[in-house]
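Chemist: Below is the file entry-v4.txt, with compact mmCIF, C-alpha atoms.
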# COMPACT_ATOMS: atom_id res chain seq x y z
CA MET Y 188 0.00 0.00 0.00
CA ALA Y 189 1.37 3.41 -1.00
CA PRO Y 190 2.04 5.82 1.88
CA PRO Y 191 -0.55 8.58 2.24
CA ALA Y 192 0.23 11.79 0.36
CA PRO Y 193 1.41 14.65 2.59
CA SER Y 194 -1.06 17.41 3.33
CA ALA Y 195 -0.72 20.60 1.32
CA VAL Y 196 1.00 22.44 4.16
CA ASP Y 197 3.66 19.71 4.44
CA GLU Y 198 4.28 19.30 0.71
CA LEU Y 199 7.78 20.24 -0.52
CA PRO Y 200 7.56 21.90 -3.97
CA PRO Y 201 10.35 21.31 -6.49
CA LEU Y 202 13.22 23.78 -6.34
CA SER Y 203 12.19 25.38 -9.65
CA ARG Y 204 8.92 26.48 -8.02
CA LEU Y 205 10.14 26.86 -4.46
CA LEU Y 206 12.57 29.72 -5.10
CA PRO Y 207 10.24 31.99 -7.13
CA LEU Y 208 7.45 31.48 -4.59
CA ALA Y 209 9.85 32.29 -1.74
CA VAL Y 210 11.05 35.45 -3.50
CA GLN Y 211 7.42 36.52 -3.90
CA HIS Y 212 6.87 36.26 -0.13
CA VAL Y 213 10.03 38.27 0.53
CA LEU Y 214 9.03 41.04 -1.89
CA ALA Y 215 5.58 41.29 -0.35
CA MET Y 216 6.93 41.88 3.18
CA ILE Y 217 10.35 43.52 2.76
CA ALA Y 218 9.01 47.09 2.93
CA ALA Y 219 7.76 46.60 6.50
CA PRO Y 220 11.12 45.78 8.16
CA VAL Y 221 12.91 48.41 6.05
CA SER Y 222 10.45 51.16 7.03
CA SER Y 223 10.53 50.06 10.69
CA VAL Y 224 14.33 50.27 10.78
CA PHE Y 225 14.22 53.71 9.18
CA LEU Y 226 11.72 54.89 11.77
CA ILE Y 227 14.00 53.71 14.59
CA ALA Y 228 17.11 55.11 12.90
CA ALA Y 229 15.45 58.50 12.33
CA GLY Y 230 14.05 58.61 15.86
CA LEU Y 231 17.40 57.74 17.46
CA ARG Y 232 19.42 59.72 14.87
CA LEU Y 233 21.59 56.74 14.02
CA PRO Y 234 24.38 57.21 11.45
CA ALA Y 235 24.21 55.29 8.18
CA ASP Y 236 26.55 52.50 9.30
CA ARG Y 237 24.51 51.90 12.48
CA THR Y 238 21.32 51.93 10.39
CA ALA Y 239 22.81 49.29 8.07
CA SER Y 240 23.76 47.16 11.10
CA LEU Y 241 20.27 47.42 12.57
CA LEU Y 242 18.75 46.56 9.20
CA SER Y 243 21.02 43.51 8.98
CA ALA Y 244 19.86 42.35 12.42
CA THR Y 245 16.20 42.93 11.57
CA LEU Y 246 16.34 41.00 8.29
CA ILE Y 247 18.13 38.11 9.97
CA LEU Y 248 15.53 38.01 12.75
CA CYS Y 249 12.65 38.18 10.25
CA GLY Y 250 14.17 35.23 8.44
CA ALA Y 251 14.91 33.25 11.60
CA GLY Y 252 11.35 33.86 12.80
CA ALA Y 253 9.90 32.60 9.52
CA LEU Y 254 12.07 29.46 9.73
CA LEU Y 255 10.99 28.87 13.32
CA GLN Y 256 7.29 29.33 12.54
CA SER Y 257 7.47 27.17 9.41
CA PHE Y 258 9.37 24.21 10.89
CA GLY Y 259 8.38 24.33 14.57
CA VAL Y 260 10.88 23.12 17.17
CA LEU Y 261 10.07 21.96 20.71
CA ARG Y 262 6.53 23.42 20.70
CA THR Y 263 7.88 26.70 19.36
CA GLY Y 264 6.46 27.68 15.97
CA ALA Y 265 3.06 26.75 14.57
CA ARG Y 266 4.37 24.74 11.56
CA LEU Y 267 2.33 27.03 9.32
CA PRO Y 268 3.41 29.27 6.40
CA PHE Y 269 4.09 32.41 8.47
CA MET Y 270 6.45 35.35 8.07
CA MET Y 271 7.70 37.58 10.89
CA LEU Y 272 8.09 41.37 11.10
CA PRO Y 273 8.84 44.10 13.61
CA GLY Y 274 5.53 45.05 15.21
CA GLY Y 275 4.32 48.37 13.79
CA ALA Y 276 2.76 49.52 17.06
CA ALA Y 277 5.73 48.16 18.97
CA VAL Y 278 8.06 50.38 16.95
CA ALA Y 279 6.07 53.47 17.94
CA VAL Y 280 6.12 52.47 21.61
CA PHE Y 281 9.84 51.56 21.42
CA LEU Y 282 10.65 55.00 20.04
CA ARG Y 283 8.60 56.79 22.67
CA ILE Y 284 10.39 54.89 25.43
CA ALA Y 285 13.76 55.64 23.81
CA ARG Y 286 12.98 59.36 23.61
CA GLU Y 287 11.83 59.60 27.20
CA HIS Y 288 14.18 57.14 28.94
CA GLY Y 289 16.99 56.35 26.49
CA ALA Y 290 17.68 53.61 23.94
CA ALA Y 291 19.13 51.23 26.57
CA THR Y 292 15.83 51.39 28.49
CA ALA Y 293 13.90 50.78 25.26
CA SER Y 294 15.96 47.62 24.62
CA GLY Y 295 15.38 46.50 28.21
CA SER Y 296 11.66 47.07 27.70
CA VAL Y 297 11.66 44.78 24.67
CA LEU Y 298 13.32 42.06 26.76
CA LEU Y 299 10.79 42.50 29.59
CA ALA Y 300 7.84 42.39 27.17
CA ALA Y 301 9.14 39.20 25.54
CA ALA Y 302 9.74 37.59 28.95
CA LEU Y 303 6.21 38.50 30.06
CA LEU Y 304 4.74 36.95 26.92
CA LEU Y 305 6.61 33.70 27.60
CA ALA Y 306 5.46 33.72 31.23
CA VAL Y 307 1.73 34.16 30.50
CA LEU Y 308 1.42 31.60 27.69
CA PRO Y 309 0.25 28.85 30.10
CA LEU Y 310 -2.65 31.21 30.93
CA TYR Y 311 -3.46 31.88 27.26
CA ALA Y 312 -7.10 30.75 27.36
CA ARG Y 313 -7.87 33.07 30.27
CA ILE Y 314 -6.13 36.13 28.82
CA VAL Y 315 -7.23 36.15 25.19
CA ARG Y 316 -10.93 36.52 26.06
CA PHE Y 317 -10.20 40.07 27.18
CA PHE Y 318 -9.34 41.06 23.59
CA PRO Y 319 -12.52 40.61 21.50
CA PRO Y 320 -12.86 42.24 18.04
CA LEU Y 321 -14.28 45.42 19.59
CA VAL Y 322 -11.14 45.90 21.67
CA MET Y 323 -8.75 45.06 18.86
CA GLY Y 324 -10.55 47.24 16.31
CA ALA Y 325 -10.41 50.35 18.49
CA THR Y 326 -6.81 49.65 19.45
CA VAL Y 327 -5.66 49.09 15.86
CA LEU Y 328 -7.29 52.38 14.82
CA VAL Y 329 -5.30 54.19 17.52
CA ILE Y 330 -2.14 52.31 16.48
CA GLY Y 331 -2.50 53.56 12.91
CA VAL Y 332 -2.94 57.18 14.00
CA ASN Y 333 0.01 56.99 16.41
CA MET Y 334 2.24 55.48 13.73
CA ILE Y 335 1.31 58.27 11.30
CA ASP Y 336 2.47 60.72 13.96
CA VAL Y 337 5.78 58.84 14.22
CA ALA Y 338 6.32 58.58 10.45
CA ALA Y 339 5.31 62.12 9.50
CA PRO Y 340 8.60 63.78 10.61
CA MET Y 341 10.50 61.51 8.21
CA ALA Y 342 8.68 63.13 5.30
CA LEU Y 343 9.46 66.68 6.35
CA GLY Y 344 13.06 66.56 5.13
CA GLY Y 345 11.91 66.25 1.52
CA ARG Y 346 8.24 67.02 1.10
CA ARG Y 347 8.15 66.62 -2.69
CA LEU Y 348 9.86 63.23 -2.60
CA ALA Y 349 7.59 62.10 0.23
CA LEU Y 350 4.44 63.23 -1.59
CA LEU Y 351 5.56 61.57 -4.84
CA THR Y 352 6.27 58.32 -3.00
CA LEU Y 353 2.96 58.55 -1.16
CA ALA Y 354 1.07 59.15 -4.41
CA ALA Y 355 2.80 56.29 -6.24
CA THR Y 356 2.15 53.90 -3.34
CA ALA Y 357 -1.49 54.95 -3.02
CA LEU Y 358 -2.06 54.59 -6.78
CA GLY Y 359 -0.58 51.10 -6.60
CA PHE Y 360 -3.05 50.13 -3.89
CA LEU Y 361 -5.93 51.62 -5.89
CA LEU Y 362 -5.12 50.49 -9.44
CA LEU Y 363 -3.07 47.30 -9.23
CA ARG Y 364 -4.37 43.82 -8.55
CA GLY Y 365 -3.05 40.54 -7.20
CA VAL Y 366 0.64 40.22 -6.36
CA TRP Y 367 1.40 43.59 -7.99
CA ARG Y 368 -0.93 45.28 -5.52
CA GLN Y 369 0.97 43.67 -2.65
CA LEU Y 370 4.15 45.23 -4.08
CA SER Y 371 2.66 48.75 -4.09
CA VAL Y 372 4.90 49.90 -1.24
CA LEU Y 373 8.02 48.71 -3.03
CA ILE Y 374 6.86 50.35 -6.25
CA GLY Y 375 6.30 53.63 -4.42
CA ILE Y 376 9.76 53.44 -2.82
CA ALA Y 377 11.31 52.68 -6.23
CA VAL Y 378 9.56 55.67 -7.83
CA GLY Y 379 10.62 57.99 -4.99
CA THR Y 380 14.23 56.76 -5.03
CA ALA Y 381 14.44 57.15 -8.81
CA ALA Y 382 13.11 60.70 -8.52
CA ALA Y 383 15.68 61.47 -5.82
CA ALA Y 384 18.49 60.20 -8.05
CA LEU Y 385 17.24 62.16 -11.08
CA THR Y 386 16.92 65.40 -9.14
CA GLY Y 387 20.36 65.08 -7.60
CA ALA Y 388 19.12 64.71 -4.03
CA ALA Y 389 21.78 63.59 -1.58
CA LEU Y 390 21.46 59.92 -0.68
CA PRO Y 391 22.74 58.62 2.66
CA ALA Y 392 25.75 56.35 2.33
CA ALA Y 393 26.73 53.52 4.65
CA PRO Y 394 30.53 53.35 4.64
CA GLY Y 395 32.42 50.10 4.28
CA THR Y 396 33.47 47.56 1.71
CA ALA Y 397 32.89 44.36 3.67
CA VAL Y 398 30.91 41.56 2.05
CA LEU Y 399 29.65 39.99 5.27
CA ALA Y 400 27.40 41.94 7.64
CA LEU Y 401 27.13 40.92 11.28
CA PRO Y 402 24.60 42.54 13.65
CA ARG Y 403 25.92 44.41 16.67
CA LEU Y 404 25.17 42.88 20.07
CA LEU Y 405 23.80 45.45 22.54
CA PRO Y 406 24.32 48.44 20.22
CA TYR Y 407 22.99 50.89 22.84
CA GLY Y 408 25.01 49.43 25.70
CA ALA Y 409 23.79 47.17 28.50
CA PRO Y 410 19.95 47.08 28.63
CA HIS Y 411 18.37 49.09 31.43
CA PHE Y 412 15.30 47.54 33.02
CA ASP Y 413 12.58 49.94 34.17
CA LEU Y 414 9.18 48.34 34.77
CA LEU Y 415 7.29 51.62 34.57
CA ALA Y 416 8.93 52.59 31.30
CA ALA Y 417 8.40 49.07 29.93
CA LEU Y 418 4.72 48.91 30.89
CA PRO Y 419 3.40 50.11 27.49
CA LEU Y 420 5.37 47.42 25.63
CA MET Y 421 4.29 44.79 28.15
CA VAL Y 422 0.64 45.71 27.51
CA PHE Y 423 1.33 45.40 23.78
CA ALA Y 424 2.79 41.92 24.35
CA LEU Y 425 -0.42 40.78 26.06
CA ALA Y 426 -2.56 42.32 23.32
CA SER Y 427 -0.49 40.50 20.68
CA LEU Y 428 -2.01 37.23 21.89
CA ALA Y 429 -5.32 38.28 20.35
CA GLU Y 430 -3.57 39.12 17.10
CA ALA Y 431 -1.78 35.76 17.13
CA THR Y 432 -5.12 33.98 17.68
CA GLY Y 433 -6.79 35.51 14.64
CA GLN Y 434 -3.77 34.98 12.41
CA THR Y 435 -3.26 31.36 13.45
CA VAL Y 436 -6.92 30.50 12.88
CA LEU Y 437 -6.93 32.26 9.50
CA ASN Y 438 -3.69 30.63 8.36
CA SER Y 439 -4.88 27.19 9.44
CA GLU Y 440 -8.04 27.64 7.37
CA ALA Y 441 -6.03 28.96 4.41
CA VAL Y 442 -3.88 25.81 4.28
CA GLY Y 443 -6.77 23.43 4.89
CA LYS Y 444 -5.98 22.49 8.51
CA ALA Y 445 -8.60 22.32 11.24
CA PRO Y 446 -7.88 25.31 13.52
CA ASP Y 447 -6.70 24.35 17.00
CA PRO Y 448 -6.03 27.66 18.82
CA ALA Y 449 -5.34 26.02 22.19
CA ARG Y 450 -2.46 24.05 20.67
CA ASP Y 451 -1.15 26.32 17.93
CA VAL Y 452 -1.52 29.89 19.27
CA PRO Y 453 0.91 29.37 22.19
CA ARG Y 454 3.39 27.92 19.70
CA THR Y 455 2.99 30.96 17.45
CA ALA Y 456 3.37 33.37 20.39
CA ARG Y 457 6.34 31.46 21.83
CA ALA Y 458 8.23 31.93 18.57
CA ASP Y 459 7.32 35.64 18.65
CA ALA Y 460 8.65 35.95 22.20
CA LEU Y 461 11.95 34.18 21.54
CA THR Y 462 12.59 36.22 18.40
CA SER Y 463 11.74 39.39 20.34
CA LEU Y 464 14.28 38.45 23.01
CA ALA Y 465 16.93 38.27 20.29
CA SER Y 466 15.69 41.56 18.84
CA GLY Y 467 16.08 43.28 22.22
CA LEU Y 468 19.69 42.14 22.37
CA LEU Y 469 20.37 43.41 18.83
CA GLY Y 470 18.75 46.84 19.22
CA GLY Y 471 15.39 46.16 17.54
CA ALA Y 472 11.75 46.35 18.58
CA VAL Y 473 9.29 43.58 19.46
CA MET Y 474 8.85 41.05 16.64
CA VAL Y 475 5.45 39.63 15.71
CA THR Y 476 4.11 37.05 13.30
CA SER Y 477 2.47 38.75 10.34
CA ALA Y 478 -0.65 37.89 8.37
CA GLU Y 479 0.60 39.68 5.23
CA ASN Y 480 1.73 36.53 3.49
CA ILE Y 481 -1.59 34.73 4.06
CA GLY Y 482 -3.05 36.70 1.16
CA ILE Y 483 -0.35 35.26 -1.11
CA VAL Y 484 -1.17 31.75 0.11
CA GLN Y 485 -4.83 32.28 -0.74
CA LEU Y 486 -4.04 33.95 -4.05
CA THR Y 487 -1.60 31.35 -5.40
CA GLY Y 488 -3.11 28.27 -3.77
CA VAL Y 489 0.39 27.18 -2.68
CA ARG Y 490 0.01 26.18 0.96
CA SER Y 491 3.41 24.70 1.73
CA ARG Y 492 5.24 25.88 4.84
CA PHE Y 493 8.50 25.07 3.04
CA VAL Y 494 7.91 28.13 0.84
CA THR Y 495 7.95 30.51 3.81
CA ALA Y 496 10.90 28.57 5.24
CA ALA Y 497 12.79 29.24 1.99
CA ALA Y 498 11.73 32.91 2.20
CA GLY Y 499 13.14 33.00 5.73
CA ALA Y 500 16.45 31.58 4.50
CA LEU Y 501 16.59 34.28 1.78
CA LEU Y 502 15.99 37.00 4.41
CA VAL Y 503 18.81 35.65 6.57
CA LEU Y 504 21.08 35.67 3.51
CA CYS Y 505 20.10 39.27 2.66
CA GLY Y 506 20.78 40.29 6.24
CA LEU Y 507 24.25 38.74 6.15
CA LEU Y 508 25.25 40.37 2.85
CA ALA Y 509 26.66 43.81 3.63
CA PRO Y 510 26.15 45.22 0.09
CA VAL Y 511 22.41 44.48 0.36
CA THR Y 512 22.01 46.20 3.73
CA ARG Y 513 24.14 49.17 2.59
CA MET Y 514 21.96 49.54 -0.49
CA LEU Y 515 18.75 49.45 1.57
CA ALA Y 516 20.23 51.84 4.12
CA ALA Y 517 20.87 54.32 1.27
CA LEU Y 518 17.15 54.77 0.61
CA PRO Y 519 16.21 58.47 1.09
CA THR Y 520 14.49 59.03 4.43
CA PRO Y 521 11.62 61.15 2.94
CA VAL Y 522 10.90 58.33 0.48
CA VAL Y 523 10.56 55.76 3.26
CA GLY Y 524 8.54 58.29 5.25
CA GLY Y 525 6.08 58.80 2.39
CA ALA Y 526 5.59 55.06 1.93
CA SER Y 527 5.23 54.57 5.69
CA LEU Y 528 2.43 57.13 5.86
CA VAL Y 529 0.39 55.03 3.45
CA ILE Y 530 1.14 51.81 5.35
CA TYR Y 531 0.00 53.26 8.66
CA ALA Y 532 -3.05 54.93 7.14
CA VAL Y 533 -4.04 51.48 5.86
CA ILE Y 534 -3.60 50.11 9.38
CA ALA Y 535 -5.97 52.78 10.71
CA ALA Y 536 -8.47 51.81 8.00
CA MET Y 537 -8.14 48.17 9.09
CA GLY Y 538 -9.23 49.28 12.55
CA PHE Y 539 -12.39 50.75 11.03
CA ASP Y 540 -12.98 47.49 9.17
CA MET Y 541 -12.59 45.48 12.37
CA LEU Y 542 -15.02 47.77 14.18
CA ARG Y 543 -17.50 47.39 11.33
CA ARG Y 544 -17.86 43.71 12.24
CA THR Y 545 -19.02 44.53 15.77
CA ALA Y 546 -22.45 45.63 16.95
CA LEU Y 547 -21.72 49.35 17.25
CA ALA Y 548 -25.45 50.04 17.48
CA ASP Y 549 -25.16 48.65 21.00
CA ARG Y 550 -24.76 51.57 23.42
CA GLY Y 551 -22.10 49.81 25.46
CA ALA Y 552 -19.98 49.06 22.40
CA THR Y 553 -20.24 52.66 21.20
CA THR Y 554 -19.13 53.92 24.60
CA VAL Y 555 -16.15 51.55 24.63
CA VAL Y 556 -15.00 52.78 21.21
CA ALA Y 557 -15.52 56.45 22.06
CA LEU Y 558 -13.59 56.32 25.34
CA THR Y 559 -10.85 54.15 23.79
CA LEU Y 560 -10.31 56.74 21.06
CA LEU Y 561 -10.26 59.46 23.67
CA ALA Y 562 -7.62 57.62 25.72
CA GLY Y 563 -5.53 56.88 22.62
CA LEU Y 564 -5.66 60.25 20.88
CA LEU Y 565 -5.43 62.70 23.78
CA PRO Y 566 -1.70 62.00 24.32
CA LEU Y 567 -1.14 63.06 20.69
CA LEU Y 568 -3.45 66.06 20.66
CA SER Y 569 -2.80 67.46 24.14
CA PRO Y 570 0.28 65.84 25.71
CA GLN Y 571 0.52 68.66 28.25
CA LEU Y 572 -2.54 67.25 30.02
CA TYR Y 573 -0.38 64.45 31.41
CA GLU Y 574 2.51 66.57 32.69
CA PRO Y 575 1.08 66.98 36.27
CA LEU Y 576 0.67 63.18 36.66
CA PRO Y 577 3.16 61.00 38.56
CA ALA Y 578 5.85 59.40 36.42
CA TRP Y 579 4.24 55.95 36.46
CA ALA Y 580 0.85 57.31 35.36
CA ARG Y 581 2.42 59.54 32.71
CA ALA Y 582 4.38 56.58 31.30
CA LEU Y 583 1.20 54.52 30.99
CA LEU Y 584 -1.56 57.02 30.16
CA GLY Y 585 0.59 59.47 28.21
CA ASN Y 586 1.30 56.90 25.51
CA GLY Y 587 -1.62 56.46 23.13
CA VAL Y 588 -1.26 52.79 22.20
CA PRO Y 589 -1.13 51.16 25.67
CA ALA Y 590 -3.59 53.70 27.07
CA ALA Y 591 -6.09 52.76 24.35
CA ALA Y 592 -5.52 49.04 24.84
CA LEU Y 593 -6.00 49.26 28.61
CA ALA Y 594 -9.08 51.45 28.25
CA ALA Y 595 -10.63 49.12 25.68
CA VAL Y 596 -9.96 45.98 27.75
CA ALA Y 597 -11.21 47.47 31.02
CA LEU Y 598 -14.33 49.05 29.52
CA SER Y 599 -15.22 45.99 27.44
CA ALA Y 600 -14.92 43.75 30.52
CA LEU Y 601 -16.98 46.22 32.58
CA PHE Y 602 -19.84 46.43 30.09
CA ARG Y 603 -19.79 42.67 29.61
CA ARG Y 604 -20.05 42.19 33.37
CA LEU Y 605 -22.93 44.68 33.53
CA GLY Y 606 -24.69 42.85 30.73
CA THR Y 607 -24.62 45.71 28.23
CA GLY Y 608 -22.13 44.11 25.88
CA ARG Y 609 -21.79 40.66 24.39
CA PRO Y 610 -18.63 38.58 24.80
CA HIS Y 611 -16.92 37.23 21.73
CA PRO Y 612 -15.17 33.87 21.54
CA PRO Y 613 -11.40 34.03 20.94
CA GLN Y 614 -11.66 32.69 17.40
CA GLU Y 615 -13.67 35.77 16.43
CA VAL Y 616 -10.65 37.97 17.06
CA ALA Y 617 -10.15 40.20 14.06
CA ARG Y 618 -7.95 38.64 11.44
CA VAL Y 619 -6.06 41.71 10.39
CA SER Y 620 -2.60 42.35 11.68
CA PRO Y 621 -1.76 45.63 13.40
CA SER Y 622 1.85 44.64 12.94
CA LYS Y 623 2.01 45.38 9.26
Could you render the structure from this file as structure tokens?

Modeler:
Amino acid sequence: MAPPAPSAVDELPPLSRLLPLAVQHVLAMIAAPVSSVFLIAAGLRLPADRTASLLSATLILCGAGALLQSFGVLRTGARLPFMMLPGGAAVAVFLRIAREHGAATASGSVLLAAALLLAVLPLYARIVRFFPPLVMGATVLVIGVNMIDVAAPMALGGRRLALLTLAATALGFLLLRGVWRQLSVLIGIAVGTAAAALTGAALPAAPGTAVLALPRLLPYGAPHFDLLAALPLMVFALASLAEATGQTVLNSEAVGKAPDPARDVPRTARADALTSLASGLLGGAVMVTSAENIGIVQLTGVRSRFVTAAAGALLVLCGLLAPVTRMLAALPTPVVGGASLVIYAVIAAMGFDMLRRTALADRGATTVVALTLLAGLLPLLSPQLYEPLPAWARALLGNGVPAAALAAVALSALFRRLGTGRPHPPQEVARVSPSK
């Protein structure tokens, strides 16, 4: 009797198909780590060589995370076709901590957030119920607005280049279809970079002639651990469990596997936490599994986890090749800023879409959304309101993302307890990633 054929997710495509499919996954996600590194580099005013080193570390971690999620080792990794990225909201929180307490404290906060995520995984089933779609939708909307505030200063150094990049990226999203639409960000960056070269704009240069790039360990010095400063990132780590739930369920369905959140979500989150620990040591932000590549899986019908594993290997290779990181580090900052504005505006729109799926006609739900937006946007609009508060309260409430998440969780639980809101099972968690 012939052995049973492997399931689609475990099927190894021939090399002639494996490599092009892997390259497609890399192209669809490469803009996110590049823009995240530029945001950190601009916020911390890193020189070009330090930017190239951070980019090398980020690409290597993205690749290692994809390999870990695709293969799964010792109950770490879901054995699903996943990619990994720096968390978009986490980058904003990381930068705010770095500005207020220093880069070493920001790195220590990443390590504390990752350690907390590992510690709470045995309690997954009890925690994730506090993050229904209503909570995640309002929080993602605030994340998008906060990230726009972080990315906007990058565009100010070259308004015309930023606007051209923004327009080209937006037109790509509007006019293109299929895989080309997923490459809209890269197309916008290419158009902006070409315009910068044609107009003679100065491009940043990362010095060096080395072929091999190695990330710097502890680039900001020894991490400094401050629980109050780290609290916003620790809240984000808990909220990421809801994101991981939706993505794992969606990816399981996309590859034809019966979803098993109790088994697979802790494996997904454990890989996130371990990769984030490495990121904290290499100067990066919290890493999260991304749902971006699931669209490619659904579009092409290729469900193999070996494709994302090959994409992870390509990312590691790109991160180790110094000429590649120097080339990416030479992208004009206004160009990356213009593309980032579109990315984060799309994230805000995803929040609206997630809220659309909830019963906003319910008075309790409307109140939760309204007060969550108030908690998340006031720190941006009137930061001076928080100056009289104690340091611990200012660190928590004066940062829009964790303040919104805490407000949404607390209010949703309160209205559910009072009977004015309806609980949602964990598998209904919105399936759109705020990490993009």

Chemist: Could you tell me how far atom CA of Val522 of chain Y sits from atom CA of Ala218 of chain Y, in Å to one decimal place?

Modeler: 11.7 Å

Chemist: Let me make sure I understand: among Y:Pro419, Y:Gly433, Y:Gly375, Y:Gly499, which one has the smallest atom-to-atom distance to Val315 of chain Y if we use only C-alpha atoms?

Modeler: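 Comparing Y:Pro419, Y:Gly433, Y:Gly375, Y:Gly499 against Val315 of chain Y, the winner is Y:Gly433.
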
Chemist: Kindly indicate which residue among Y:Pro453, Y:Gly471, Y:Pro446, Y:Gly587 lies nearest to Leu405 of chain Y, using all atoms listed in the file for the distances.

Modeler: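 Among the listed residues, Y:Gly471 lies closest to Leu405 of chain Y.
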
Chemist: Tell me, as a list in words, which residues lie within 8 Å of segment 548-555 of chain Y, counting only C-alpha atoms; anything in the same chain fewer than 3 positions away does not count.

Modeler: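 Everything that qualifies: Leu321, Leu558, Thr559, Ala594, Ala595, Leu598, Ser599, Phe602, Thr607 and Gly608 of chain Y.
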
Chemist: Applying 12 Å and only C-alpha atoms, which residues near Ala409 of chain Y remain after dropping the ones on its own chain fewer than 4 positions away? List them as a list in words.

Modeler: Gly289, Ala290, Ala291, Thr292, Ala293, Ser294, Gly295, Leu298, Leu404, Leu405, Gly467, Leu468, Leu469 and Gly470 of chain Y

Chemist: When distances are computed from all atoms listed in the file, which of Y:Thr238, Y:Leu351, Y:Val596, Y:Leu576 shows the smallest separation from Ile314 of chain Y?

Modeler: Y:Val596

Chemist: Here is a test: counting all atoms listed in the file, which residue of Y:Ala219, Y:Ala342, Y:Leu415, Y:Val332 is nearest to Pro566 of chain Y?

Modeler: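 Of the candidates, the smallest distance to Pro566 of chain Y is held by Y:Val332.
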
Chemist: For atom CA of Ala536 of chain Y and atom CA of Gly274 of chain Y, determine how far apart the two atoms are, in Å to one decimal place.

Modeler: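 According to the coordinates, atom CA of Ala536 of chain Y and atom CA of Gly274 of chain Y are separated by 17.1 Å.
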
Chemist: Here is a test: counting all atoms listed in the file, which residue of Y:Met537, Y:Val307, Y:Ala265, Y:Leu605 is nearest to Pro320 of chain Y?

Modeler: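 Using all atoms listed in the file, Pro320 of chain Y sits closest to Y:Met537.
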
Chemist: Go ahead and compute the interatomic distance for atom CA of Gly345 of chain Y and atom CA of Gly563 of chain Y, in Å to one decimal.

Modeler: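 Atom-to-atom, atom CA of Gly345 of chain Y to atom CA of Gly563 of chain Y, that is 28.9 Å.
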
Chemist: As JSON, please: the centre and edge lengths in Å, to one decimal, of an axis-aligned box enclosing every listed atom of segment 338-343 of chain Y with 8 Å added on each side.

Modeler:
{"center_x": 7.9, "center_y": 62.6, "center_z": 8.0, "size_x": 21.2, "size_y": 24.1, "size_z": 21.3}

Chemist: Y:Ile284, Y:Ala229, Y:Gly538, Y:Met216: which is nearest Gly585 of chain Y, counting only C-alpha atoms?

Modeler: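 Going through Y:Ile284, Y:Ala229, Y:Gly538, Y:Met216 one by one, the smallest distance to Gly585 of chain Y is for Y:Ile284.
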
Chemist: Can you list, as number ranges by chain, every protein, DNA or RNA residue that comes within 9 Å of Arg286 of chain Y when you count only C-alpha atoms, leaving out same-chain residues fewer than 5 positions away?

Modeler: Y: 230-231, 281, 293

Chemist: Taking the point (4.4, 32.5, 7.8) as given in the file, collect each protein or nucleic acid residue that comes within 6 Å of it, counting all atoms listed in the file, and present the set as a PDB file with C-alpha atoms, in the frame of the given file.

Modeler:
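Output below, filename point_16.pdb:
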ATOM      1  CA  ALA Y 253       9.900  32.600   9.520  1.00  0.00           C
ATOM      2  CA  PRO Y 268       3.410  29.270   6.400  1.00  0.00           C
ATOM      3  CA  PHE Y 269       4.090  32.410   8.470  1.00  0.00           C
ATOM      4  CA  MET Y 270       6.450  35.350   8.070  1.00  0.00           C
ATOM      5  CA  THR Y 495       7.950  30.510   3.810  1.00  0.00           C
TER       6      THR Y 495
END

Chemist: Please provide as a PyMOL selection string all residues within 12 Å of Arg313 of chain Y, with the sequence filter that same-chain residues fewer than 2 positions apart are discarded (counting only C-alpha atoms).

Modeler: chain Y and resi 307-311+315-318+425+428-429+449+612-613

Chemist: Any chance you can output those residues with C-alpha atoms as a PDB file, keeping the file's coordinate frame?

Modeler:
ATOM      1  CA  VAL Y 307       1.730  34.160  30.500  1.00  0.00           C
ATOM      2  CA  LEU Y 308       1.420  31.600  27.690  1.00  0.00           C
ATOM      3  CA  PRO Y 309       0.250  28.850  30.100  1.00  0.00           C
ATOM      4  CA  LEU Y 310      -2.650  31.210  30.930  1.00  0.00           C
ATOM      5  CA  TYR Y 311      -3.460  31.880  27.260  1.00  0.00           C
ATOM      6  CA  VAL Y 315      -7.230  36.150  25.190  1.00  0.00           C
ATOM      7  CA  ARG Y 316     -10.930  36.520  26.060  1.00  0.00           C
ATOM      8  CA  PHE Y 317     -10.200  40.070  27.180  1.00  0.00           C
ATOM      9  CA  PHE Y 318      -9.340  41.060  23.590  1.00  0.00           C
ATOM     10  CA  LEU Y 425      -0.420  40.780  26.060  1.00  0.00           C
ATOM     11  CA  LEU Y 428      -2.010  37.230  21.890  1.00  0.00           C
ATOM     12  CA  ALA Y 429      -5.320  38.280  20.350  1.00  0.00           C
ATOM     13  CA  ALA Y 449      -5.340  26.020  22.190  1.00  0.00           C
ATOM     14  CA  PRO Y 612     -15.170  33.870  21.540  1.00  0.00           C
ATOM     15  CA  PRO Y 613     -11.400  34.030  20.940  1.00  0.00           C
TER      16      PRO Y 613
END
